[in-house]
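Novice: Shown below is the structure under consideration.
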Amino acid sequence: MNTVNNNTRPVWLLLILLLPAPLFAAAYDGQEVNFSLLVESRNTELRYTHNSRRTKITRISAVWNQDLSSRLSGGIRLAYLDLSQPSNPIPAGMTTTGYGIGFSLLGRLIKRKMLHMNLWFAYDYQATRGSSDEQTTEILWHEMGGGADLIIFPHATVSLLAGAAVTRIDGDERNSGTISRVSTFNEDQPVDYYAGLNIRTDPGGHIGLKWYSGLHQGFTIHFNRQF
């Protein structure tokens, strides 16, 4: 019973933190609402007590963003996750699936015709589960990070993106069944670098591509629609 309560606590905390958002939005008349679908495939090293494990995470996320002021926007996201760890010594932990929920804040520091600079912060709670025979593995983690983006030619049909981020990961791997134990893990190194481009498909939509190096290695594709 305590495990269930601990697992759901971040979801309730997220909902409480997002309650004031409509109040900020109501005070700002020029708000824009954006909906995005993100497809991500990234590899990272997760550091356990006695070793590091190469981990591949494939994620499909639905993201809703809304302007809270002329220079601040906030968003929430829900995700489906597929996590694989070929080096996990327990077969139930080699492939796990689950969900994620999170929120983000983005501040527009520079807004010029040829250049935008944004600062952002994001928090996600993610949980996956796998089973084999009489063994069950749950992988649960908190991911918190922030960074800076530079967008060149933001109003052009094709705009360019470059940025860097720092991320903190704190997680547990909980095994029950034939083997019962709890292991903790965090990020092997915290810094991400990324670059990409956005292609404007029409006045209210665009497609974005982003490539990562550092903590994560892989890519993200997102489809965005503005309302």
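Naming scheme: A, B, ... for chains in displayed order of the structure tokens; residues 1 onward per chain; ligands 1 onward as shown.
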Please identify the alpha helix (DSSP H) residues within region 12-122 of chain A (assignment by DSSP from backbone atoms) and present them as a list in words.
Specialist: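 Taking region 12-122 of chain A and keeping alpha helix (DSSP H) only, one gets Trp12, Leu13, Leu14, Leu15, Ile16, Leu17, Leu18, Ala21, Pro22, Leu23, Phe24, Ala25 and Ala26 of chain A.
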Novice: Can I get the selection written as a PDB file, in the first residue's frame, with N, CA and C atoms?
Specialist:
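Heads up, here's the output in result.pdb:
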ATOM      1  N   TRP A  12      -0.186  13.932  -7.919  1.00  0.00           N
ATOM      2  CA  TRP A  12      -0.995  14.898  -7.160  1.00  0.00           C
ATOM      3  C   TRP A  12      -0.244  16.203  -6.968  1.00  0.00           C
ATOM      4  N   LEU A  13       1.073  16.137  -6.739  1.00  0.00           N
ATOM      5  CA  LEU A  13       1.864  17.351  -6.585  1.00  0.00           C
ATOM      6  C   LEU A  13       1.836  18.172  -7.864  1.00  0.00           C
ATOM      7  N   LEU A  14       1.953  17.498  -9.009  1.00  0.00           N
ATOM      8  CA  LEU A  14       1.908  18.197 -10.290  1.00  0.00           C
ATOM      9  C   LEU A  14       0.583  18.905 -10.488  1.00  0.00           C
ATOM     10  N   LEU A  15      -0.518  18.244 -10.170  1.00  0.00           N
ATOM     11  CA  LEU A  15      -1.838  18.861 -10.333  1.00  0.00           C
ATOM     12  C   LEU A  15      -1.987  20.082  -9.433  1.00  0.00           C
ATOM     13  N   ILE A  16      -1.477  20.004  -8.208  1.00  0.00           N
ATOM     14  CA  ILE A  16      -1.555  21.143  -7.283  1.00  0.00           C
ATOM     15  C   ILE A  16      -0.745  22.315  -7.803  1.00  0.00           C
ATOM     16  N   LEU A  17       0.465  22.019  -8.340  1.00  0.00           N
ATOM     17  CA  LEU A  17       1.322  23.091  -8.853  1.00  0.00           C
ATOM     18  C   LEU A  17       0.706  23.787 -10.059  1.00  0.00           C
ATOM     19  N   LEU A  18      -0.112  23.056 -10.840  1.00  0.00           N
ATOM     20  CA  LEU A  18      -0.681  23.633 -12.058  1.00  0.00           C
ATOM     21  C   LEU A  18      -1.992  24.372 -11.826  1.00  0.00           C
ATOM     22  N   ALA A  21      -2.223  28.128 -12.779  1.00  0.00           N
ATOM     23  CA  ALA A  21      -1.934  28.513 -14.164  1.00  0.00           C
ATOM     24  C   ALA A  21      -3.076  29.269 -14.838  1.00  0.00           C
ATOM     25  N   PRO A  22      -4.356  28.845 -14.707  1.00  0.00           N
ATOM     26  CA  PRO A  22      -5.433  29.590 -15.356  1.00  0.00           C
ATOM     27  C   PRO A  22      -5.547  31.029 -14.864  1.00  0.00           C
ATOM     28  N   LEU A  23      -5.132  31.305 -13.630  1.00  0.00           N
ATOM     29  CA  LEU A  23      -5.198  32.665 -13.110  1.00  0.00           C
ATOM     30  C   LEU A  23      -4.221  33.572 -13.839  1.00  0.00           C
ATOM     31  N   PHE A  24      -2.987  33.059 -14.105  1.00  0.00           N
ATOM     32  CA  PHE A  24      -2.014  33.835 -14.853  1.00  0.00           C
ATOM     33  C   PHE A  24      -2.504  34.049 -16.283  1.00  0.00           C
ATOM     34  N   ALA A  25      -3.046  33.000 -16.899  1.00  0.00           N
ATOM     35  CA  ALA A  25      -3.500  33.094 -18.285  1.00  0.00           C
ATOM     36  C   ALA A  25      -4.668  34.059 -18.420  1.00  0.00           C
ATOM     37  N   ALA A  26      -5.562  34.091 -17.423  1.00  0.00           N
ATOM     38  CA  ALA A  26      -6.728  34.965 -17.492  1.00  0.00           C
ATOM     39  C   ALA A  26      -6.331  36.431 -17.486  1.00  0.00           C
TER      40      ALA A  26
END
Novice: Fewer than 5 positions away in the same chain doesn't count, so skip those; otherwise give me all residues within 6 Å of region 176-181 of chain A, counting only C-alpha atoms, as JSON, numbers by chain.
Specialist: {"A": [134, 135, 136]}
Novice: Using only C-alpha atoms, determine which residues lie at most 12 Å from Asn51 (chain A), disregarding the query and same-chain residues fewer than 6 positions distant; provide the list as a PyMOL selection string.
Specialist: chain A and resi 45+87-89+183-188
Novice: May I have the residues from that selection written out with C-alpha atoms, as a PDB file, in the first residue's frame?
Specialist:
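Final output, saved to out-v8.pdb:
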ATOM      1  CA  GLU A  45      23.868   6.099 -19.249  1.00  0.00           C
ATOM      2  CA  SER A  87      22.650  -5.168 -19.530  1.00  0.00           C
ATOM      3  CA  ASN A  88      20.068  -5.437 -16.731  1.00  0.00           C
ATOM      4  CA  PRO A  89      20.889  -8.705 -14.892  1.00  0.00           C
ATOM      5  CA  SER A 183      18.442  -0.188  -6.378  1.00  0.00           C
ATOM      6  CA  THR A 184      18.891   3.543  -6.846  1.00  0.00           C
ATOM      7  CA  PHE A 185      20.272   5.309  -9.899  1.00  0.00           C
ATOM      8  CA  ASN A 186      20.976   8.783 -11.267  1.00  0.00           C
ATOM      9  CA  GLU A 187      22.451  10.395 -14.355  1.00  0.00           C
ATOM     10  CA  ASP A 188      25.997   9.465 -15.383  1.00  0.00           C
TER      11      ASP A 188
END
Novice: Name all residues at most 6 Å from region 77-83 of chain A (count only C-alpha atoms; drop same-chain ones fewer than 3 positions away) and give them as a list in words.
Specialist: Lys56, Ile57, Thr58, Arg59, Ile60, Ser61, Ala62, Val63, Thr95, Thr96, Thr97, Gly98, Tyr99, Gly100, Ile101 and Gly102 of chain A
Novice: How would the residues just chosen look if you wrote them out with N, CA, C and O atoms as a PDB file, in the first residue's frame?
Specialist:
ATOM      1  N   LYS A  56      17.981   2.779 -23.308  1.00  0.00           N
ATOM      2  CA  LYS A  56      17.295   3.405 -24.435  1.00  0.00           C
ATOM      3  C   LYS A  56      15.855   3.679 -24.037  1.00  0.00           C
ATOM      4  O   LYS A  56      15.147   2.792 -23.563  1.00  0.00           O
ATOM      5  N   ILE A  57      15.435   4.932 -24.230  1.00  0.00           N
ATOM      6  CA  ILE A  57      14.068   5.333 -23.908  1.00  0.00           C
ATOM      7  C   ILE A  57      13.395   5.831 -25.182  1.00  0.00           C
ATOM      8  O   ILE A  57      13.876   6.768 -25.822  1.00  0.00           O
ATOM      9  N   THR A  58      12.304   5.195 -25.544  1.00  0.00           N
ATOM     10  CA  THR A  58      11.462   5.667 -26.640  1.00  0.00           C
ATOM     11  C   THR A  58      10.195   6.222 -26.014  1.00  0.00           C
ATOM     12  O   THR A  58       9.553   5.562 -25.204  1.00  0.00           O
ATOM     13  N   ARG A  59       9.858   7.454 -26.395  1.00  0.00           N
ATOM     14  CA  ARG A  59       8.767   8.156 -25.717  1.00  0.00           C
ATOM     15  C   ARG A  59       7.867   8.828 -26.745  1.00  0.00           C
ATOM     16  O   ARG A  59       8.343   9.469 -27.689  1.00  0.00           O
ATOM     17  N   ILE A  60       6.557   8.689 -26.567  1.00  0.00           N
ATOM     18  CA  ILE A  60       5.574   9.434 -27.360  1.00  0.00           C
ATOM     19  C   ILE A  60       4.798  10.314 -26.394  1.00  0.00           C
ATOM     20  O   ILE A  60       4.192   9.808 -25.440  1.00  0.00           O
ATOM     21  N   SER A  61       4.828  11.634 -26.618  1.00  0.00           N
ATOM     22  CA  SER A  61       4.245  12.578 -25.665  1.00  0.00           C
ATOM     23  C   SER A  61       3.222  13.477 -26.340  1.00  0.00           C
ATOM     24  O   SER A  61       3.400  13.903 -27.490  1.00  0.00           O
ATOM     25  N   ALA A  62       2.156  13.757 -25.613  1.00  0.00           N
ATOM     26  CA  ALA A  62       1.190  14.790 -26.003  1.00  0.00           C
ATOM     27  C   ALA A  62       1.441  15.989 -25.096  1.00  0.00           C
ATOM     28  O   ALA A  62       1.413  15.857 -23.862  1.00  0.00           O
ATOM     29  N   VAL A  63       1.700  17.158 -25.686  1.00  0.00           N
ATOM     30  CA  VAL A  63       2.122  18.339 -24.927  1.00  0.00           C
ATOM     31  C   VAL A  63       1.167  19.492 -25.205  1.00  0.00           C
ATOM     32  O   VAL A  63       0.860  19.796 -26.366  1.00  0.00           O
ATOM     33  N   THR A  95      13.249  -5.018 -20.616  1.00  0.00           N
ATOM     34  CA  THR A  95      12.287  -4.237 -21.394  1.00  0.00           C
ATOM     35  C   THR A  95      11.102  -3.909 -20.500  1.00  0.00           C
ATOM     36  O   THR A  95      10.438  -4.822 -19.998  1.00  0.00           O
ATOM     37  N   THR A  96      10.848  -2.620 -20.297  1.00  0.00           N
ATOM     38  CA  THR A  96       9.723  -2.190 -19.461  1.00  0.00           C
ATOM     39  C   THR A  96       8.961  -1.092 -20.191  1.00  0.00           C
ATOM     40  O   THR A  96       9.511  -0.381 -21.028  1.00  0.00           O
ATOM     41  N   THR A  97       7.684  -0.968 -19.884  1.00  0.00           N
ATOM     42  CA  THR A  97       6.846   0.066 -20.482  1.00  0.00           C
ATOM     43  C   THR A  97       6.064   0.782 -19.386  1.00  0.00           C
ATOM     44  O   THR A  97       5.862   0.244 -18.293  1.00  0.00           O
ATOM     45  N   GLY A  98       5.622   2.001 -19.678  1.00  0.00           N
ATOM     46  CA  GLY A  98       4.879   2.746 -18.663  1.00  0.00           C
ATOM     47  C   GLY A  98       4.456   4.111 -19.148  1.00  0.00           C
ATOM     48  O   GLY A  98       4.157   4.305 -20.329  1.00  0.00           O
ATOM     49  N   TYR A  99       4.493   5.088 -18.242  1.00  0.00           N
ATOM     50  CA  TYR A  99       3.945   6.410 -18.536  1.00  0.00           C
ATOM     51  C   TYR A  99       4.817   7.490 -17.906  1.00  0.00           C
ATOM     52  O   TYR A  99       5.684   7.228 -17.062  1.00  0.00           O
ATOM     53  N   GLY A 100       4.555   8.709 -18.326  1.00  0.00           N
ATOM     54  CA  GLY A 100       5.216   9.871 -17.738  1.00  0.00           C
ATOM     55  C   GLY A 100       4.240  11.034 -17.683  1.00  0.00           C
ATOM     56  O   GLY A 100       3.313  11.128 -18.492  1.00  0.00           O
ATOM     57  N   ILE A 101       4.442  11.920 -16.721  1.00  0.00           N
ATOM     58  CA  ILE A 101       3.646  13.139 -16.601  1.00  0.00           C
ATOM     59  C   ILE A 101       4.578  14.251 -16.137  1.00  0.00           C
ATOM     60  O   ILE A 101       5.483  14.021 -15.326  1.00  0.00           O
ATOM     61  N   GLY A 102       4.407  15.441 -16.680  1.00  0.00           N
ATOM     62  CA  GLY A 102       5.321  16.518 -16.317  1.00  0.00           C
ATOM     63  C   GLY A 102       4.792  17.885 -16.671  1.00  0.00           C
ATOM     64  O   GLY A 102       3.712  18.035 -17.236  1.00  0.00           O
TER      65      GLY A 102
END
Novice: Apply DSSP to the structure's backbone, then extract all residues of region 52-205 of chain A labelled strand (DSSP E or B) and return them as a VMD selection string.
Specialist: chain A and resid 52 to 67 72 to 84 95 to 111 115 to 132 135 to 152 158 to 177 181 to 187 191 to 202 205
Novice: For region 191-198 of chain A, find every residue with an atom within 12 Å (counting only C-alpha atoms), except residues of its own chain fewer than 5 positions away, and show them as an mmCIF file with C-alpha atoms, in the first residue's frame.
Specialist:
data_model
loop_
_atom_site.group_PDB
_atom_site.id
_atom_site.type_symbol
_atom_site.label_atom_id
_atom_site.label_comp_id
_atom_site.auth_asym_id
_atom_site.auth_seq_id
_atom_site.Cartn_x
_atom_site.Cartn_y
_atom_site.Cartn_z
ATOM 1 C CA ARG A 42 17.297 8.612 -26.919
ATOM 2 C CA ASN A 43 20.099 6.642 -25.281
ATOM 3 C CA THR A 44 21.601 7.562 -21.923
ATOM 4 C CA GLY A 145 16.267 20.096 -15.773
ATOM 5 C CA GLY A 146 16.737 23.525 -17.230
ATOM 6 C CA GLY A 147 18.511 25.085 -20.171
ATOM 7 C CA ALA A 148 18.831 27.819 -22.773
ATOM 8 C CA ASP A 149 17.781 27.777 -26.447
ATOM 9 C CA LEU A 150 18.948 30.032 -29.272
ATOM 10 C CA ILE A 151 16.625 30.225 -32.298
ATOM 11 C CA ILE A 152 18.012 31.807 -35.457
ATOM 12 C CA PHE A 153 15.612 33.185 -38.100
ATOM 13 C CA PRO A 154 12.580 32.422 -35.871
ATOM 14 C CA HIS A 155 10.044 33.758 -38.389
ATOM 15 C CA ALA A 156 11.498 32.083 -41.479
ATOM 16 C CA THR A 157 10.097 28.969 -43.126
ATOM 17 C CA VAL A 158 13.115 27.097 -41.761
ATOM 18 C CA SER A 159 14.596 28.231 -38.444
ATOM 19 C CA LEU A 160 17.666 26.865 -36.660
ATOM 20 C CA LEU A 161 17.964 25.844 -33.011
ATOM 21 C CA ALA A 162 20.940 25.289 -30.703
ATOM 22 C CA GLY A 163 20.994 24.869 -26.949
ATOM 23 C CA ALA A 164 22.355 23.288 -23.798
ATOM 24 C CA ALA A 165 20.721 21.870 -20.697
ATOM 25 C CA VAL A 166 21.537 20.473 -17.277
ATOM 26 C CA THR A 167 19.431 17.543 -16.029
ATOM 27 C CA ARG A 168 19.135 15.762 -12.698
ATOM 28 C CA ILE A 169 17.751 12.195 -12.537
ATOM 29 C CA GLY A 205 1.895 24.679 -37.628
ATOM 30 C CA HIS A 206 5.440 23.394 -37.876
ATOM 31 C CA ILE A 207 7.540 20.255 -37.688
ATOM 32 C CA GLY A 208 10.702 20.208 -35.590
ATOM 33 C CA LEU A 209 13.767 17.967 -35.521
ATOM 34 C CA LYS A 210 16.307 17.943 -32.695
ATOM 35 C CA TRP A 211 19.515 15.922 -32.211
ATOM 36 C CA TYR A 212 21.124 15.355 -28.793
ATOM 37 C CA SER A 213 24.633 14.708 -27.505
ATOM 38 C CA GLY A 214 25.882 14.450 -23.915
ATOM 39 C CA LEU A 215 23.605 12.972 -21.264
ATOM 40 C CA HIS A 216 21.182 11.900 -24.004
ATOM 41 C CA GLN A 217 22.118 10.728 -27.480
ATOM 42 C CA GLY A 218 19.404 10.493 -30.069
ATOM 43 C CA PHE A 219 16.677 12.578 -31.639
ATOM 44 C CA THR A 220 13.256 14.126 -31.168
ATOM 45 C CA ILE A 221 10.596 14.834 -33.796
ATOM 46 C CA HIS A 222 7.681 17.068 -32.874
ATOM 47 C CA PHE A 223 4.547 18.149 -34.697
ATOM 48 C CA ASN A 224 3.140 21.440 -33.424
#
Novice: What's the separation between CA of Leu105 (chain A) and CA of Thr201 (chain A), in Å to one decimal place?
Specialist: 25.2 Å
Novice: Excluding Asp172 (chain A) and any residue of its chain fewer than 2 positions from it, enumerate the residues within 12 Å of it, using only C-alpha atoms, and give them as a PyMOL selection string.
Specialist: chain A and resi 3+6-7+46-49+125-129+137-142+169-170+174-175+181-186
Novice: Could you please determine the separation between CA of Leu37 (chain A) and CA of His116 (chain A) in Å, to one decimal place?
Specialist: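 Between CA of Leu37 (chain A) and CA of His116 (chain A) the gap works out to 22.6 Å.
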Novice: Which residue, A:Ser69, A:His50, A:Lys113, A:Thr55, has the smallest gap to Val33 (chain A) when you use only C-alpha atoms?
Specialist: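 Selected residue with least distance to Val33 (chain A): A:Ser69.
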Novice: For Gly204 (chain A), which residue among A:Pro190, A:Ser84, A:Asp124, A:Arg225 is the nearest when counting only C-alpha atoms?
Specialist: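 Checking each candidate against Gly204 (chain A), we get A:Arg225 as the closest.
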